[in-house]
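Report on the structure given below.
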Amino acid sequence: MAYEITEGCIKCGACAANCPVSCIKEGDTKYEIDPAQCIECGTCAGVCPVGAPRAE
Ligand code: SF4
Ligand code: SF4
């Protein structure tokens, strides 16, 4: 069960800067998590100012 970034993302980049496995990349409208690499640590959810990352 990987984390997923929902539509509320404001593209601040905090999640990508803090992901321990660097599996978050900037997409066209929001940041995106590669589910194959995510280790479900929850760091992205903890640093996001708008609560966009959710456990799938
Ligand atoms: Fe990266 Fe952890 Fe978020 Fe998965 S849960 S995308 S490993 S920070
Ligand atoms: Fe988007 Fe939240 Fe990541 Fe910032 S920390 S890029 S708002 S998901």
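For the structure tokens, the naming scheme is as follows: chains receive sequential letters (A, B, ...) according to their order of presentation, residues are indexed from 1 within each chain, and ligands are indexed from 1 in presentation order.
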Env of Pro20 of chain A: 12 Å cut, atoms = only C-alpha atoms, seq-sep filter 2 positions within chain, self excluded. Answer as a list in words. Cys15, Ala16, Ala17, Asn18, Ser22, Cys23, Ile24, Gln37, Cys38, Ile39, Glu40, Cys41, Gly42, Thr43 and Cys44 of chain A
Expected file: the selected residues, N, CA, C and O atoms, as a short mmCIF file (atom, residue, chain, number, x, y, z; two decimals), in the first residue's frame:
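The resulting file, again_33.cif, is reproduced below:
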data_model
loop_
_atom_site.label_atom_id
_atom_site.label_comp_id
_atom_site.auth_asym_id
_atom_site.auth_seq_id
_atom_site.Cartn_x
_atom_site.Cartn_y
_atom_site.Cartn_z
N CYS A 15 7.76 17.37 0.07
CA CYS A 15 7.70 15.91 0.14
C CYS A 15 8.88 15.29 -0.62
O CYS A 15 9.57 14.41 -0.10
N ALA A 16 9.13 15.79 -1.83
CA ALA A 16 10.22 15.25 -2.64
C ALA A 16 11.56 15.46 -1.96
O ALA A 16 12.44 14.60 -2.00
N ALA A 17 11.73 16.61 -1.30
CA ALA A 17 13.00 16.93 -0.65
C ALA A 17 13.25 16.04 0.56
O ALA A 17 14.40 15.84 0.96
N ASN A 18 12.19 15.49 1.14
CA ASN A 18 12.32 14.70 2.37
C ASN A 18 12.09 13.21 2.23
O ASN A 18 12.32 12.45 3.17
N SER A 22 13.65 8.97 -2.39
CA SER A 22 13.58 9.85 -3.56
C SER A 22 12.64 9.32 -4.65
O SER A 22 12.99 9.30 -5.83
N CYS A 23 11.43 8.91 -4.23
CA CYS A 23 10.50 8.35 -5.23
C CYS A 23 9.39 9.34 -5.59
O CYS A 23 8.40 8.95 -6.20
N ILE A 24 9.56 10.63 -5.21
CA ILE A 24 8.55 11.63 -5.54
C ILE A 24 9.12 12.60 -6.56
O ILE A 24 10.20 13.16 -6.37
N GLN A 37 8.39 2.17 -5.65
CA GLN A 37 9.55 2.49 -4.81
C GLN A 37 9.18 2.95 -3.41
O GLN A 37 10.00 2.91 -2.50
N CYS A 38 7.95 3.42 -3.22
CA CYS A 38 7.52 3.95 -1.92
C CYS A 38 7.59 2.87 -0.83
O CYS A 38 7.10 1.76 -1.02
N ILE A 39 8.23 3.22 0.30
CA ILE A 39 8.35 2.27 1.41
C ILE A 39 7.35 2.59 2.53
O ILE A 39 7.46 2.08 3.63
N GLU A 40 6.39 3.45 2.22
CA GLU A 40 5.29 3.75 3.14
C GLU A 40 5.76 4.29 4.49
O GLU A 40 5.23 3.92 5.53
N CYS A 41 6.75 5.16 4.47
CA CYS A 41 7.27 5.69 5.74
C CYS A 41 6.40 6.80 6.31
O CYS A 41 6.46 7.11 7.49
N GLY A 42 5.60 7.45 5.45
CA GLY A 42 4.71 8.52 5.91
C GLY A 42 5.34 9.89 6.03
O GLY A 42 4.68 10.85 6.42
N THR A 43 6.63 10.01 5.70
CA THR A 43 7.31 11.30 5.82
C THR A 43 6.65 12.37 4.96
O THR A 43 6.47 13.52 5.41
N CYS A 44 6.26 12.03 3.76
CA CYS A 44 5.64 13.01 2.86
C CYS A 44 4.36 13.58 3.48
O CYS A 44 4.12 14.79 3.43
#
List every residue of chain A that has an atom at most 7 Å from any atom of ligand 2, and for each one report the closest atom pair and its distance in Å to one decimal, counting only C-alpha atoms and all ligand atoms, with rows sorted by chain and then by increasing residue number, as JSON lines.
{"residue": "A:Ile5", "atom": "CA", "partner": "ligand 2", "partner_atom_place_in_ligand_line": "8 (S)", "distance": 5.5}
{"residue": "A:Gly8", "atom": "CA", "partner": "ligand 2", "partner_atom_place_in_ligand_line": "7 (S)", "distance": 7.0}
{"residue": "A:Cys9", "atom": "CA", "partner": "ligand 2", "partner_atom_place_in_ligand_line": "1 (Fe)", "distance": 3.7}
{"residue": "A:Ile10", "atom": "CA", "partner": "ligand 2", "partner_atom_place_in_ligand_line": "7 (S)", "distance": 4.2}
{"residue": "A:Lys11", "atom": "CA", "partner": "ligand 2", "partner_atom_place_in_ligand_line": "6 (S)", "distance": 3.7}
{"residue": "A:Cys12", "atom": "CA", "partner": "ligand 2", "partner_atom_place_in_ligand_line": "4 (Fe)", "distance": 3.8}
{"residue": "A:Gly13", "atom": "CA", "partner": "ligand 2", "partner_atom_place_in_ligand_line": "6 (S)", "distance": 3.9}
{"residue": "A:Ala14", "atom": "CA", "partner": "ligand 2", "partner_atom_place_in_ligand_line": "5 (S)", "distance": 4.3}
{"residue": "A:Cys15", "atom": "CA", "partner": "ligand 2", "partner_atom_place_in_ligand_line": "3 (Fe)", "distance": 4.1}
{"residue": "A:Ala16", "atom": "CA", "partner": "ligand 2", "partner_atom_place_in_ligand_line": "3 (Fe)", "distance": 6.3}
{"residue": "A:Lys30", "atom": "CA", "partner": "ligand 2", "partner_atom_place_in_ligand_line": "1 (Fe)", "distance": 6.1}
{"residue": "A:Tyr31", "atom": "CA", "partner": "ligand 2", "partner_atom_place_in_ligand_line": "6 (S)", "distance": 5.3}
{"residue": "A:Cys44", "atom": "CA", "partner": "ligand 2", "partner_atom_place_in_ligand_line": "5 (S)", "distance": 6.2}
{"residue": "A:Val47", "atom": "CA", "partner": "ligand 2", "partner_atom_place_in_ligand_line": "5 (S)", "distance": 5.9}
{"residue": "A:Cys48", "atom": "CA", "partner": "ligand 2", "partner_atom_place_in_ligand_line": "5 (S)", "distance": 3.6}
{"residue": "A:Pro49", "atom": "CA", "partner": "ligand 2", "partner_atom_place_in_ligand_line": "2 (Fe)", "distance": 5.8}
{"residue": "A:Val50", "atom": "CA", "partner": "ligand 2", "partner_atom_place_in_ligand_line": "7 (S)", "distance": 5.7}
{"residue": "A:Gly51", "atom": "CA", "partner": "ligand 2", "partner_atom_place_in_ligand_line": "2 (Fe)", "distance": 6.2}
{"residue": "A:Ala52", "atom": "CA", "partner": "ligand 2", "partner_atom_place_in_ligand_line": "8 (S)", "distance": 4.9}
{"residue": "A:Pro53", "atom": "CA", "partner": "ligand 2", "partner_atom_place_in_ligand_line": "8 (S)", "distance": 5.4}
Could you pull out all residues of chain A with a DSSP call of strand (DSSP E) and give them as a PyMOL selection string? chain A and resi 3-5+24-26+31-33+53-55
Serialized selection, N, CA, C and O atoms, as a short mmCIF file (atom, residue, chain, number, x, y, z; two decimals), in the first residue's frame:
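Below you can see again_7.cif, which holds the result:
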data_model
loop_
_atom_site.label_atom_id
_atom_site.label_comp_id
_atom_site.auth_asym_id
_atom_site.auth_seq_id
_atom_site.Cartn_x
_atom_site.Cartn_y
_atom_site.Cartn_z
N TYR A 3 1.87 5.32 -0.78
CA TYR A 3 1.19 6.61 -0.59
C TYR A 3 0.90 7.19 -1.96
O TYR A 3 1.56 6.88 -2.95
N GLU A 4 -0.12 8.05 -2.00
CA GLU A 4 -0.52 8.69 -3.25
C GLU A 4 -0.76 10.17 -2.95
O GLU A 4 -1.28 10.53 -1.91
N ILE A 5 -0.36 11.04 -3.88
CA ILE A 5 -0.57 12.48 -3.70
C ILE A 5 -1.88 12.88 -4.36
O ILE A 5 -2.09 12.63 -5.54
N ILE A 24 9.56 10.63 -5.21
CA ILE A 24 8.55 11.63 -5.54
C ILE A 24 9.12 12.60 -6.56
O ILE A 24 10.20 13.16 -6.37
N LYS A 25 8.39 12.77 -7.67
CA LYS A 25 8.83 13.66 -8.75
C LYS A 25 7.74 14.67 -9.07
O LYS A 25 6.56 14.40 -8.90
N GLU A 26 8.15 15.83 -9.61
CA GLU A 26 7.19 16.84 -9.99
C GLU A 26 6.46 16.43 -11.26
O GLU A 26 7.09 16.09 -12.26
N TYR A 31 2.70 16.83 -7.57
CA TYR A 31 3.81 15.90 -7.44
C TYR A 31 3.26 14.48 -7.48
O TYR A 31 2.10 14.24 -7.14
N GLU A 32 4.10 13.53 -7.92
CA GLU A 32 3.67 12.15 -8.09
C GLU A 32 4.61 11.19 -7.36
O GLU A 32 5.82 11.39 -7.36
N ILE A 33 4.06 10.15 -6.77
CA ILE A 33 4.84 9.12 -6.07
C ILE A 33 4.91 7.88 -6.94
O ILE A 33 3.90 7.43 -7.49
N PRO A 53 -0.64 14.06 0.58
CA PRO A 53 -0.31 12.62 0.47
C PRO A 53 -1.22 11.77 1.36
O PRO A 53 -1.42 12.08 2.55
N ARG A 54 -1.77 10.72 0.79
CA ARG A 54 -2.64 9.81 1.53
C ARG A 54 -2.19 8.39 1.28
O ARG A 54 -1.70 8.07 0.22
N ALA A 55 -2.41 7.53 2.29
CA ALA A 55 -2.14 6.11 2.11
C ALA A 55 -3.23 5.56 1.21
O ALA A 55 -4.41 5.79 1.46
#
Those in chain A with alpha helix (DSSP H) from DSSP, as a ChimeraX atom specification: /A:14-18,43-47
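Of the listed residues (A:Thr29, A:Val21, A:Glu56, A:Thr6), A:Val21 comes nearest to ligand 1; the distances count only C-alpha atoms and all ligand atoms.
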